[in-house]
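Coordinates as given in my_file-v8.tsv (TSV, C-alpha atoms and all ligand atoms):
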chain	number	residue	atom	x	y	z
A	1	MET	CA	0.00	0.00	0.00
A	2	SER	CA	1.24	3.50	-0.78
A	3	ARG	CA	2.46	5.64	2.08
A	4	TYR	CA	0.89	8.69	0.42
A	5	SER	CA	-2.72	9.79	0.86
A	6	HIS	CA	-4.83	10.05	-2.30
A	7	ASP	CA	-4.22	13.80	-2.66
A	8	GLU	CA	-0.49	13.53	-2.03
A	9	GLN	CA	-0.19	10.93	-4.78
A	10	PHE	CA	-2.02	13.28	-7.06
A	11	PHE	CA	0.44	16.12	-6.61
A	12	HIS	CA	3.65	14.21	-6.04
A	13	GLY	CA	6.21	15.47	-8.52
A	14	LYS	CA	3.76	17.72	-10.39
A	15	ALA	CA	4.46	21.40	-11.17
A	16	GLU	CA	2.06	23.61	-9.26
A	17	SER	CA	-0.33	25.71	-11.31
A	18	VAL	CA	-3.31	28.08	-11.15
A	19	GLY	CA	-6.68	26.58	-12.05
A	20	VAL	CA	-9.47	28.80	-13.37
A	21	LEU	CA	-12.97	27.37	-13.20
A	22	LEU	CA	-15.38	29.20	-15.50
A	23	VAL	CA	-18.91	28.50	-14.30
A	24	ASN	CA	-22.06	29.02	-16.30
A	25	LEU	CA	-25.66	28.11	-15.54
A	26	GLY	CA	-26.09	24.87	-17.46
A	27	THR	CA	-28.33	23.50	-20.13
A	28	PRO	CA	-29.95	20.17	-21.06
A	29	ASP	CA	-27.84	17.51	-22.80
A	30	GLU	CA	-30.45	17.18	-25.55
A	31	PRO	CA	-33.52	19.15	-26.65
A	32	THR	CA	-35.85	16.35	-25.59
A	33	THR	CA	-38.52	16.21	-22.87
A	34	PRO	CA	-36.70	13.68	-20.61
A	35	SER	CA	-33.42	15.55	-20.88
A	36	VAL	CA	-35.03	18.94	-20.17
A	37	ARG	CA	-36.94	17.41	-17.23
A	38	LYS	CA	-33.71	16.09	-15.71
A	39	TYR	CA	-32.04	19.52	-16.11
A	40	LEU	CA	-35.01	21.48	-14.75
A	41	LYS	CA	-35.33	19.13	-11.80
A	42	GLN	CA	-31.75	19.79	-10.73
A	43	PHE	CA	-31.97	23.54	-11.45
A	44	LEU	CA	-35.33	24.22	-9.84
A	45	SER	CA	-34.63	22.03	-6.78
A	46	ASP	CA	-31.88	24.48	-5.78
A	47	GLY	CA	-33.05	26.43	-2.72
A	48	ARG	CA	-31.04	29.45	-3.90
A	49	VAL	CA	-33.10	29.63	-7.11
A	50	VAL	CA	-36.57	29.13	-5.70
A	51	GLU	CA	-36.97	30.39	-2.14
A	52	ILE	CA	-40.28	28.77	-1.30
A	53	PRO	CA	-40.51	26.45	1.77
A	54	ARG	CA	-39.08	23.12	0.59
A	55	VAL	CA	-42.08	20.89	1.32
A	56	ILE	CA	-44.55	23.17	-0.47
A	57	TRP	CA	-42.16	23.65	-3.41
A	58	TRP	CA	-41.56	19.88	-3.70
A	59	PHE	CA	-45.27	19.36	-4.41
A	60	ILE	CA	-45.49	22.28	-6.88
A	61	LEU	CA	-42.29	21.24	-8.69
A	62	ASN	CA	-43.02	17.53	-8.96
A	63	GLY	CA	-46.81	17.75	-9.17
A	64	ILE	CA	-47.18	20.60	-11.67
A	65	ILE	CA	-44.00	22.12	-13.16
A	66	LEU	CA	-42.07	18.98	-14.07
A	67	ARG	CA	-45.19	17.49	-15.68
A	68	ARG	CA	-45.83	20.41	-18.04
A	69	ARG	CA	-42.78	22.58	-18.57
A	70	PRO	CA	-40.22	20.05	-19.91
A	71	ALA	CA	-42.19	19.34	-23.09
A	72	ALA	CA	-42.84	23.04	-23.79
A	73	SER	CA	-39.23	24.02	-23.04
A	74	ALA	CA	-37.85	21.10	-25.11
A	75	LYS	CA	-39.66	22.52	-28.18
A	76	LEU	CA	-38.07	25.91	-27.60
A	77	TYR	CA	-34.63	24.35	-27.08
A	78	ALA	CA	-35.05	22.36	-30.32
A	79	SER	CA	-35.67	25.64	-32.18
A	80	VAL	CA	-32.24	27.07	-31.19
A	81	TRP	CA	-30.20	23.83	-30.99
A	82	THR	CA	-27.10	23.68	-33.18
A	83	ASP	CA	-25.18	20.76	-34.75
A	84	GLU	CA	-22.63	21.07	-31.93
A	85	GLY	CA	-25.28	21.20	-29.19
A	86	SER	CA	-26.96	23.76	-26.95
A	87	PRO	CA	-25.89	27.34	-27.82
A	88	LEU	CA	-25.06	28.12	-24.18
A	89	LEU	CA	-22.64	25.20	-24.02
A	90	VAL	CA	-21.14	25.80	-27.46
A	91	HIS	CA	-20.44	29.51	-26.78
A	92	SER	CA	-19.15	28.80	-23.27
A	93	LYS	CA	-16.76	26.14	-24.62
A	94	ASN	CA	-15.47	28.54	-27.26
A	95	ILE	CA	-14.88	31.18	-24.59
A	96	GLN	CA	-13.01	28.63	-22.44
A	97	GLN	CA	-10.76	27.61	-25.34
A	98	SER	CA	-9.93	31.18	-26.33
A	99	LEU	CA	-9.27	32.09	-22.72
A	100	GLN	CA	-6.98	29.08	-22.26
A	101	HIS	CA	-5.04	30.23	-25.31
A	102	GLU	CA	-4.83	33.81	-24.01
A	103	MET	CA	-3.64	32.60	-20.60
A	104	SER	CA	-0.94	30.45	-22.24
A	105	VAL	CA	0.25	33.48	-24.18
A	106	ARG	CA	0.23	35.74	-21.10
A	107	PHE	CA	1.82	33.34	-18.60
A	108	ASN	CA	3.57	30.69	-20.66
A	109	GLY	CA	2.01	27.61	-19.12
A	110	PRO	CA	0.99	27.59	-15.45
A	111	VAL	CA	-2.68	28.62	-15.83
A	112	HIS	CA	-5.33	26.03	-16.74
A	113	VAL	CA	-8.90	27.03	-17.63
A	114	GLU	CA	-11.81	24.58	-17.35
A	115	LEU	CA	-15.52	25.09	-18.02
A	116	ALA	CA	-18.19	23.80	-15.68
A	117	MET	CA	-21.96	24.11	-15.55
A	118	ARG	CA	-23.80	24.62	-12.26
A	119	TYR	CA	-26.55	22.28	-13.47
A	120	GLY	CA	-25.95	19.43	-15.92
A	121	ASN	CA	-22.74	18.89	-17.87
A	122	PRO	CA	-19.79	19.36	-17.79
A	123	SER	CA	-20.26	19.31	-14.00
A	124	ILE	CA	-18.45	21.38	-11.40
A	125	LEU	CA	-17.15	18.13	-9.94
A	126	ALA	CA	-15.55	17.16	-13.28
A	127	GLY	CA	-14.08	20.66	-13.76
A	128	LEU	CA	-12.51	20.75	-10.30
A	129	ARG	CA	-11.06	17.28	-10.65
A	130	ALA	CA	-9.60	18.10	-14.07
A	131	LEU	CA	-7.88	21.17	-12.57
A	132	ARG	CA	-6.60	19.13	-9.63
A	133	ALA	CA	-5.19	16.55	-12.03
A	134	LYS	CA	-3.29	19.40	-13.73
A	135	GLY	CA	-1.65	20.35	-10.43
A	136	ALA	CA	-3.78	23.41	-9.59
A	137	ARG	CA	-2.85	24.40	-6.04
A	138	ARG	CA	-4.46	27.81	-6.46
A	139	LEU	CA	-8.03	28.02	-7.70
A	140	LEU	CA	-9.90	30.99	-9.13
A	141	VAL	CA	-13.65	30.56	-9.65
A	142	LEU	CA	-15.08	32.87	-12.29
A	143	PRO	CA	-18.87	32.63	-12.58
A	144	LEU	CA	-19.94	33.95	-15.98
A	145	TYR	CA	-22.42	36.41	-14.48
A	146	PRO	CA	-21.35	40.06	-14.69
A	147	GLN	CA	-24.05	41.03	-12.15
A	148	TYR	CA	-24.02	39.22	-8.79
A	149	SER	CA	-27.13	37.38	-7.68
A	150	ALA	CA	-27.60	34.78	-4.96
A	151	THR	CA	-29.57	32.74	-7.53
A	152	THR	CA	-26.56	32.43	-9.85
A	153	THR	CA	-23.19	33.52	-8.40
A	154	ALA	CA	-23.78	32.34	-4.83
A	155	THR	CA	-25.06	28.95	-5.89
A	156	SER	CA	-21.91	28.46	-8.00
A	157	TYR	CA	-19.88	29.02	-4.82
A	158	ASP	CA	-22.12	26.56	-2.96
A	159	ALA	CA	-21.44	23.85	-5.53
A	160	VAL	CA	-17.67	24.39	-5.48
A	161	SER	CA	-17.64	24.34	-1.67
A	162	GLN	CA	-19.80	21.23	-1.61
A	163	GLU	CA	-17.32	19.33	-3.77
A	164	MET	CA	-14.37	20.65	-1.74
A	165	LYS	CA	-15.87	19.15	1.42
A	166	ARG	CA	-14.61	15.80	0.14
A	167	TRP	CA	-11.03	16.92	-0.54
A	168	ARG	CA	-8.25	16.48	1.96
A	169	TRP	CA	-5.67	18.97	0.62
A	170	LEU	CA	-7.61	22.09	-0.38
A	171	PRO	CA	-6.15	24.55	-2.87
A	172	GLU	CA	-6.05	28.25	-2.06
A	173	ILE	CA	-9.37	29.54	-3.41
A	174	ARG	CA	-10.62	32.89	-4.67
A	175	PHE	CA	-14.07	33.64	-6.04
A	176	ILE	CA	-14.79	36.47	-8.46
A	177	ASN	CA	-17.99	38.04	-7.20
A	178	GLN	CA	-19.10	40.29	-10.07
A	179	TYR	CA	-17.76	42.54	-12.84
A	180	HIS	CA	-20.85	44.61	-13.66
A	181	ASP	CA	-18.98	47.95	-13.73
A	182	ASN	CA	-15.63	46.72	-15.03
A	183	GLN	CA	-14.46	49.32	-17.55
A	184	ARG	CA	-13.19	46.82	-20.10
A	185	TYR	CA	-16.49	44.88	-19.96
A	186	ILE	CA	-18.46	48.09	-20.54
A	187	ASP	CA	-16.10	49.05	-23.40
A	188	ALA	CA	-16.44	45.59	-24.99
A	189	LEU	CA	-20.24	45.84	-24.88
A	190	ALA	CA	-20.15	49.37	-26.32
A	191	GLN	CA	-17.80	48.29	-29.11
A	192	SER	CA	-20.03	45.38	-30.11
A	193	ILE	CA	-23.11	47.62	-30.16
A	194	GLU	CA	-21.31	50.27	-32.23
A	195	ALA	CA	-20.13	47.58	-34.66
A	196	HIS	CA	-23.73	46.40	-34.97
A	197	TRP	CA	-24.94	49.95	-35.62
A	198	ALA	CA	-22.21	50.50	-38.21
A	199	LYS	CA	-23.43	47.43	-40.09
A	200	HIS	CA	-27.21	47.59	-39.66
A	201	GLY	CA	-27.94	51.17	-38.67
A	202	LYS	CA	-29.15	52.59	-35.35
A	203	GLN	CA	-32.80	52.28	-34.33
A	204	GLU	CA	-34.86	54.78	-32.34
A	205	LYS	CA	-34.18	53.20	-28.93
A	206	LEU	CA	-31.74	50.78	-27.29
A	207	MET	CA	-33.35	48.35	-24.86
A	208	MET	CA	-31.02	46.64	-22.38
A	209	SER	CA	-32.81	43.52	-21.23
A	210	PHE	CA	-31.52	41.58	-18.19
A	211	HIS	CA	-32.74	38.24	-16.82
A	212	GLY	CA	-35.34	38.88	-14.11
A	213	LEU	CA	-35.62	37.85	-10.46
A	214	PRO	CA	-38.54	37.76	-8.05
A	215	ARG	CA	-39.01	41.28	-6.64
A	216	ARG	CA	-38.77	39.76	-3.16
A	217	ASN	CA	-35.08	38.91	-3.76
A	218	LEU	CA	-34.36	42.63	-4.20
A	219	GLU	CA	-36.32	43.44	-1.03
A	220	LEU	CA	-34.30	40.82	0.86
A	221	GLY	CA	-31.03	42.50	-0.17
A	222	ASP	CA	-29.90	40.90	-3.44
A	223	PRO	CA	-27.76	43.56	-5.23
A	224	TYR	CA	-28.55	42.21	-8.71
A	225	HIS	CA	-31.15	44.86	-9.61
A	226	CYS	CA	-28.81	47.75	-8.70
A	227	GLN	CA	-25.88	46.19	-10.56
A	228	CYS	CA	-27.99	45.77	-13.72
A	229	HIS	CA	-28.94	49.45	-13.53
A	230	LYS	CA	-25.33	50.50	-13.07
A	231	THR	CA	-24.22	48.42	-16.07
A	232	GLY	CA	-27.01	50.05	-18.07
A	233	ARG	CA	-26.06	53.60	-17.05
A	234	LEU	CA	-22.34	53.09	-17.72
A	235	LEU	CA	-23.05	51.52	-21.09
A	236	ALA	CA	-25.40	54.35	-22.09
A	237	GLU	CA	-22.76	56.91	-21.02
A	238	LYS	CA	-20.07	55.13	-23.01
A	239	LEU	CA	-22.35	55.09	-26.08
A	240	GLY	CA	-23.20	58.78	-25.59
A	241	LEU	CA	-26.94	58.05	-25.41
A	242	LYS	CA	-29.30	60.70	-24.07
A	243	GLU	CA	-32.20	60.10	-21.70
A	244	GLY	CA	-35.09	58.55	-23.59
A	245	GLU	CA	-32.80	56.84	-26.09
A	246	TRP	CA	-32.19	53.82	-23.87
A	247	LEU	CA	-33.86	51.82	-21.09
A	248	VAL	CA	-33.30	48.83	-18.78
A	249	THR	CA	-35.89	46.03	-18.60
A	250	PHE	CA	-36.14	42.51	-17.13
A	251	GLN	CA	-37.08	39.34	-19.00
A	252	SER	CA	-37.72	35.60	-18.37
A	253	ARG	CA	-40.39	35.73	-15.64
A	254	PHE	CA	-41.18	32.45	-13.94
A	255	GLY	CA	-44.30	31.72	-11.87
A	256	ARG	CA	-47.00	34.06	-10.61
A	257	ALA	CA	-45.14	36.26	-8.12
A	258	GLU	CA	-44.08	39.79	-9.05
A	259	TRP	CA	-40.62	39.97	-10.67
A	260	LEU	CA	-38.31	42.90	-11.30
A	261	LYS	CA	-39.99	45.56	-13.44
A	262	PRO	CA	-40.33	46.89	-16.07
A	263	TYR	CA	-40.90	43.60	-17.85
A	264	THR	CA	-39.25	43.35	-21.28
A	265	ASP	CA	-42.28	42.00	-23.17
A	266	LYS	CA	-44.82	44.40	-21.60
A	267	THR	CA	-42.50	47.35	-22.27
A	268	LEU	CA	-42.11	46.40	-25.94
A	269	GLU	CA	-45.88	46.16	-26.26
A	270	LYS	CA	-46.34	49.56	-24.58
A	271	LEU	CA	-43.64	51.32	-26.63
A	272	ALA	CA	-45.02	49.98	-29.91
A	273	GLY	CA	-48.52	51.02	-28.79
A	274	GLU	CA	-47.20	54.55	-28.19
A	275	GLY	CA	-45.91	54.69	-31.76
A	276	LEU	CA	-42.27	53.54	-31.49
A	277	LYS	CA	-41.41	51.93	-34.81
A	278	SER	CA	-37.87	50.60	-34.36
A	279	ILE	CA	-35.78	49.22	-31.50
A	280	ASP	CA	-32.43	47.51	-30.84
A	281	VAL	CA	-32.30	45.01	-27.99
A	282	VAL	CA	-29.12	43.92	-26.22
A	283	CYS	CA	-28.73	41.59	-23.21
A	284	PRO	CA	-25.62	42.74	-21.29
A	285	GLY	CA	-26.17	40.24	-18.44
A	286	PHE	CA	-25.71	37.25	-20.75
A	287	PRO	CA	-22.04	36.74	-21.72
A	288	ALA	CA	-23.08	33.85	-23.98
A	289	ASP	CA	-26.11	33.47	-26.20
A	290	CYS	CA	-28.61	30.90	-24.98
A	291	LEU	CA	-32.28	29.98	-25.01
A	292	GLU	CA	-33.22	33.20	-23.20
A	293	THR	CA	-31.59	35.46	-25.79
A	294	LEU	CA	-31.91	33.47	-29.03
A	295	GLU	CA	-35.52	32.41	-28.53
A	296	GLU	CA	-37.19	34.64	-25.94
A	297	ILE	CA	-35.53	37.89	-27.03
A	298	ALA	CA	-34.68	37.38	-30.70
A	299	VAL	CA	-37.90	35.54	-31.68
A	300	GLU	CA	-40.73	35.78	-29.11
A	301	ASN	CA	-40.26	39.42	-28.17
A	302	CYS	CA	-39.76	40.44	-31.79
A	303	GLU	CA	-43.24	39.04	-32.43
A	304	VAL	CA	-44.62	40.91	-29.41
A	305	PHE	CA	-43.19	44.22	-30.72
A	306	LYS	CA	-44.41	43.73	-34.27
A	307	GLU	CA	-47.88	42.55	-33.25
A	308	ALA	CA	-48.25	45.73	-31.21
A	309	GLY	CA	-47.40	47.92	-34.23
A	310	GLY	CA	-43.57	48.01	-34.20
A	311	GLU	CA	-41.83	47.67	-37.56
A	312	SER	CA	-38.14	46.99	-37.06
A	313	TYR	CA	-36.68	44.94	-34.20
A	314	ARG	CA	-33.04	43.85	-33.98
A	315	TYR	CA	-31.36	41.69	-31.39
A	316	ILE	CA	-27.65	42.49	-30.86
A	317	PRO	CA	-25.84	39.20	-30.06
A	318	ALA	CA	-24.04	38.49	-26.79
A	319	LEU	CA	-20.27	39.01	-26.62
A	320	ASN	CA	-19.70	35.24	-26.90
A	321	ASN	CA	-16.23	34.48	-28.26
A	322	ASP	CA	-15.48	38.09	-29.31
A	323	PRO	CA	-11.71	38.72	-28.81
A	324	GLU	CA	-12.48	41.78	-26.66
A	325	HIS	CA	-14.65	39.63	-24.40
A	326	VAL	CA	-11.77	37.18	-23.98
A	327	GLN	CA	-9.53	40.11	-22.98
A	328	VAL	CA	-12.12	41.24	-20.38
A	329	LEU	CA	-12.10	37.79	-18.77
A	330	ALA	CA	-8.31	37.42	-19.06
A	331	ASP	CA	-7.84	40.77	-17.29
A	332	LEU	CA	-10.23	39.70	-14.54
A	333	ILE	CA	-8.24	36.51	-14.02
A	334	GLN	CA	-4.93	38.38	-13.98
A	335	GLN	CA	-6.28	41.00	-11.57
A	336	HIS	CA	-7.76	38.46	-9.15
A	337	SER	CA	-4.72	36.18	-9.09
A	338	GLN	CA	-2.37	38.98	-7.96
A	339	GLY	CA	0.33	37.72	-5.66
A	340	TRP	CA	0.16	34.09	-6.78
A	341	PRO	CA	3.70	33.06	-7.80
A	342	GLU	CA	2.69	31.36	-11.06
A	343	VAL	CA	1.32	34.60	-12.48
A	344	SER	CA	3.69	37.08	-10.84
A	345	PRO	CA	7.12	38.13	-12.10
A	346	ASP	CA	9.83	35.79	-10.88
A	347	TRP	CA	10.75	37.55	-7.64
A	348	SER	CA	13.84	35.43	-7.01
A	349	GLU	CA	15.27	36.45	-10.40
A	350	LEU	CA	14.47	40.10	-9.74
A	351	ALA	CA	16.07	39.84	-6.31
A	352	ASP	CA	19.22	38.27	-7.86
A	353	GLU	CA	19.37	41.12	-10.37
A	354	ALA	CA	19.07	43.72	-7.62
A	355	ARG	CA	21.80	42.01	-5.55
A	356	ASN	CA	24.16	41.91	-8.57
A	357	LYS	CA	23.59	45.60	-9.24
A	358	GLN	CA	24.29	46.43	-5.60
A	359	ALA	CA	27.51	44.36	-5.64
A	360	GLN	CA	28.67	46.10	-8.82
A	361	THR	CA	27.97	49.54	-7.34
A	362	LEU	CA	29.84	48.60	-4.15
A	363	ALA	CA	32.81	47.25	-6.14
A	364	LYS	CA	32.91	50.45	-8.18
A	365	ALA	CA	32.78	52.59	-5.05
A	366	LYS	CA	35.61	50.56	-3.50
A	367	GLY	CA	37.66	50.85	-6.71
A	368	ALA	CA	37.21	54.63	-6.66
A	369	LYS	CA	38.51	54.82	-3.10
A	370	LEU	CA	41.59	52.74	-3.87
B	1	LIG	C1	-37.17	29.85	-11.30
B	1	LIG	C2	-36.56	30.92	-11.23
B	1	LIG	C3	-35.42	31.41	-11.99
B	1	LIG	C4	-34.53	32.36	-11.53
B	1	LIG	C5	-34.55	33.06	-10.20
B	1	LIG	C6	-33.56	32.56	-12.56
B	1	LIG	C7	-32.48	33.46	-12.47
B	1	LIG	C8	-31.51	33.64	-13.46
B	1	LIG	N1	-31.28	32.88	-14.58
B	1	LIG	C9	-30.23	33.40	-15.30
B	1	LIG	C10	-29.71	32.93	-16.50
B	1	LIG	C11	-30.30	31.95	-17.31
B	1	LIG	N2	-31.53	31.34	-17.10
B	1	LIG	C12	-31.75	30.45	-18.11
B	1	LIG	C13	-32.84	29.61	-18.24
B	1	LIG	C14	-33.84	29.43	-17.28
B	1	LIG	N3	-34.07	30.19	-16.15
B	1	LIG	C15	-35.12	29.66	-15.43
B	1	LIG	C16	-35.61	30.11	-14.18
B	1	LIG	C17	-34.97	31.05	-13.34
B	1	LIG	N4	-33.87	31.76	-13.61
B	1	LIG	C18	-35.61	28.52	-16.16
B	1	LIG	C19	-36.73	27.63	-15.72
B	1	LIG	C20	-34.80	28.37	-17.29
B	1	LIG	C21	-34.85	27.22	-18.31
B	1	LIG	C22	-35.54	27.48	-19.54
B	1	LIG	C23	-37.02	27.44	-19.35
B	1	LIG	O1	-37.60	26.38	-19.14
B	1	LIG	O2	-37.59	28.55	-19.41
B	1	LIG	C24	-30.63	30.49	-19.03
B	1	LIG	C25	-30.51	29.73	-20.34
B	1	LIG	C26	-30.19	28.26	-20.21
B	1	LIG	C27	-30.01	27.59	-21.55
B	1	LIG	O3	-30.00	26.35	-21.54
B	1	LIG	O4	-29.88	28.19	-22.60
B	1	LIG	C28	-29.73	31.42	-18.52
B	1	LIG	C29	-28.38	31.79	-19.08
B	1	LIG	C30	-29.76	34.54	-14.59
B	1	LIG	C31	-28.62	35.42	-15.03
B	1	LIG	C32	-30.56	34.69	-13.45
B	1	LIG	C33	-30.52	35.67	-12.36
B	1	LIG	C34	-29.89	36.77	-12.33
B	2	FE	FE	-32.91	31.79	-15.54
B	3	FE	FE	-37.36	32.22	-21.06

Translate the structure of the given file into C-alpha cells.
Ligand SMILES: C=CC1=C(C)c2cc3[nH]c(cc4nc(cc5[nH]c(cc1n2)c(C)c5CCC(=O)O)C(CCC(=O)O)=C4C)c(C)c3C=C
Ligand SMILES: [Fe+2]
Ligand SMILES: [Fe+2]
Amino acid sequence: MSRYSHDEQFFHGKAESVGVLLVNLGTPDEPTTPSVRKYLKQFLSDGRVVEIPRVIWWFILNGIILRRRPAASAKLYASVWTDEGSPLLVHSKNIQQSLQHEMSVRFNGPVHVELAMRYGNPSILAGLRALRAKGARRLLVLPLYPQYSATTTATSYDAVSQEMKRWRWLPEIRFINQYHDNQRYIDALAQSIEAHWAKHGKQEKLMMSFHGLPRRNLELGDPYHCQCHKTGRLLAEKLGLKEGEWLVTFQSRFGRAEWLKPYTDKTLEKLAGEGLKSIDVVCPGFPADCLETLEEIAVENCEVFKEAGGESYRYIPALNNDPEHVQVLADLIQQHSQGWPEVSPDWSELADEARNKQAQTLAKAKGAKL
C-alpha cells in the first residue's frame, strides 16, 4: 500500500499551477422532454433559485411544473439547438478555449482554464477534478455572471464548496464576485453595439434587457437589480446616449409572483402602442447566447413588438467568443490572481538582479577609493 494519501499521490512530482474554473448556468444535454426534465429538476430544486418552503415547493415542482414545462421548453430548445449542441454550451466552450489560449500566451504555461456548468454537464465536480489533475494548487472561480445574484453567483460558490468538502488537501481559493462595472467589460459591450450599428444602422431606442428575479429577492437584499442598472447607465454613457434613447428592462419571468420591473415584453408592447417603430435590444447580463436570448428575445419578443405595431426589431448578439470579451475575462483573471507566484514576475530572479547591481555599485565605489 502506498504511504501517500490520495491527494499527495495526485500532486507528487507535479508542477504547481493556477486553475481557473469558469462557471455558467447549465443547459440540457439534448432538446428532448426527458433531458429537459432532468435539467429542470436539478436547477429548480436548488433552494437558492426558488426560495419557497421546501415541502410546499416539492409538491409544486413535482406535481405541476415537471409534468408540463419540460415538453414546452424542449420545443423551444429544439428551435435554437445547433449541430454542436446547446448554444449556451457551445459559446461557453469557445470562450473557455480562447481564454486558455490567451492565458498560455500571457503566462507561458501555469494557468489552466476549465468550463463547468452549475446544473448538468460538464459538471463542477468534473471541472474541479480536471484542474486538480493538472496540479492546480491555487483556484480561481469565475462565474460567468457580470451582475451578482444569490440565484446564480452564490449557488456556483455553494457547488464548489460542496465538492471541496470531500477533498483532503484544499487549494487556495478565490471567487470572483461580479464585474458589472468593469471598464473593459463596458467598453467591450459598447464596441459590439457600435459595430452592430455600423453594419445595420441605429434604431430609435436601445433596450437593455436583463434576466429577471422575483421582486422579493431585491427586497431581501440581493444587489442584482442595482448592478444591472449601473451596467445600463455606464453603457449608455459610453455610447453617448441621451435620456429617452435607452432603457433597462427585465425578462424571463417564472411563476406568478411579481418579478423585477419593467418587464421586457410588456415594455415592448407599450412602446409599440405609443408609436415607437424601431428598436435595438441587447442583453448585457448574458455573456453567452442561450435559449433566453436566441428564442425569448430574438424571436418571441420580436413578435410581441411587431404585433403591437412596431416595424423593425433587432437583437444584438451576446459578446460570446469576441476577442475583446476574452480580454475582459483574461484581465479579470490576472487582476484576481495577484500575488500568486505562477502569475507574478519571478521575484527570485528580480532579487538576484538587484543584488548583482548592488555588488557592482559597491565594487565600483571601492575601486574609486583605492
Ligand atoms: C425559477 C426561477 C429562476 C430564476 C430566479 C432565474 C435566475 C436567473 N437565470 C439566469 C440565467 C439563465 N436562465 C436560463 C434559463 C432558465 N431560467 C429559469 C428560471 C430562473 N432563472 C428557467 C426555468 C430556465 C430554463 C428554460 C425554461 O424552461 O424557461 C438560461 C438559459 C439556459 C439555456 O440552456 O440556454 C440562462 C443563461 C440569470 C442570469 C438569473 C438571475 C440573475
Ligand atoms: Fe434563468
Ligand atoms: Fe425564457

Judged by all atoms listed in the file, the minimum distance to A:Trp340 among A:Val111, A:Val55, A:Val23, A:Ala15 is found for A:Val111

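The list of residues within 12 Å of (-29.1, 25.7, -31.8), counted using all atoms listed in the file, is Thr27, Glu30, Pro31, Ala74, Lys75, Leu76, Tyr77, Ala78, Ser79, Val80, Trp81, Thr82, Asp83, Glu84, Gly85, Ser86, Pro87, Leu88, Leu89, Val90, His91, Asp289, Cys290, Leu291, Thr293, Leu294 and Glu295 of chain A.
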
Those residues you just picked out, can you put them in a file as a PDB file, keeping the file's coordinate frame with C-alpha atoms?
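Output (out.pdb):
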ATOM      1  CA  THR A  27     -28.330  23.500 -20.130  1.00  0.00           C
ATOM      2  CA  GLU A  30     -30.450  17.180 -25.550  1.00  0.00           C
ATOM      3  CA  PRO A  31     -33.520  19.150 -26.650  1.00  0.00           C
ATOM      4  CA  ALA A  74     -37.850  21.100 -25.110  1.00  0.00           C
ATOM      5  CA  LYS A  75     -39.660  22.520 -28.180  1.00  0.00           C
ATOM      6  CA  LEU A  76     -38.070  25.910 -27.600  1.00  0.00           C
ATOM      7  CA  TYR A  77     -34.630  24.350 -27.080  1.00  0.00           C
ATOM      8  CA  ALA A  78     -35.050  22.360 -30.320  1.00  0.00           C
ATOM      9  CA  SER A  79     -35.670  25.640 -32.180  1.00  0.00           C
ATOM     10  CA  VAL A  80     -32.240  27.070 -31.190  1.00  0.00           C
ATOM     11  CA  TRP A  81     -30.200  23.830 -30.990  1.00  0.00           C
ATOM     12  CA  THR A  82     -27.100  23.680 -33.180  1.00  0.00           C
ATOM     13  CA  ASP A  83     -25.180  20.760 -34.750  1.00  0.00           C
ATOM     14  CA  GLU A  84     -22.630  21.070 -31.930  1.00  0.00           C
ATOM     15  CA  GLY A  85     -25.280  21.200 -29.190  1.00  0.00           C
ATOM     16  CA  SER A  86     -26.960  23.760 -26.950  1.00  0.00           C
ATOM     17  CA  PRO A  87     -25.890  27.340 -27.820  1.00  0.00           C
ATOM     18  CA  LEU A  88     -25.060  28.120 -24.180  1.00  0.00           C
ATOM     19  CA  LEU A  89     -22.640  25.200 -24.020  1.00  0.00           C
ATOM     20  CA  VAL A  90     -21.140  25.800 -27.460  1.00  0.00           C
ATOM     21  CA  HIS A  91     -20.440  29.510 -26.780  1.00  0.00           C
ATOM     22  CA  ASP A 289     -26.110  33.470 -26.200  1.00  0.00           C
ATOM     23  CA  CYS A 290     -28.610  30.900 -24.980  1.00  0.00           C
ATOM     24  CA  LEU A 291     -32.280  29.980 -25.010  1.00  0.00           C
ATOM     25  CA  THR A 293     -31.590  35.460 -25.790  1.00  0.00           C
ATOM     26  CA  LEU A 294     -31.910  33.470 -29.030  1.00  0.00           C
ATOM     27  CA  GLU A 295     -35.520  32.410 -28.530  1.00  0.00           C
TER      28      GLU A 295
END

Residue neighbourhood A:Arg184, 9 Å, only C-alpha atoms, exclusion window fewer than 6 positions, as a ChimeraX atom specification: /A:324-325,327-328,331

Output the neighbourhood of ligand LIG 1 (chain B) as an MDAnalysis selection string, that is, all protein and nucleic acid residues with some atom at most 9 Å from the ligand, counting only C-alpha atoms and all ligand atoms. chainID A and resid 24:28 36 39:40 43:44 48:51 69:70 72:74 76:77 80 86:89 144:153 210:214 217 224:225 252:255 285:294 296

From atom CA of A:Ser161 to atom CA of A:Tyr185 the spacing works out at 27.5 Å
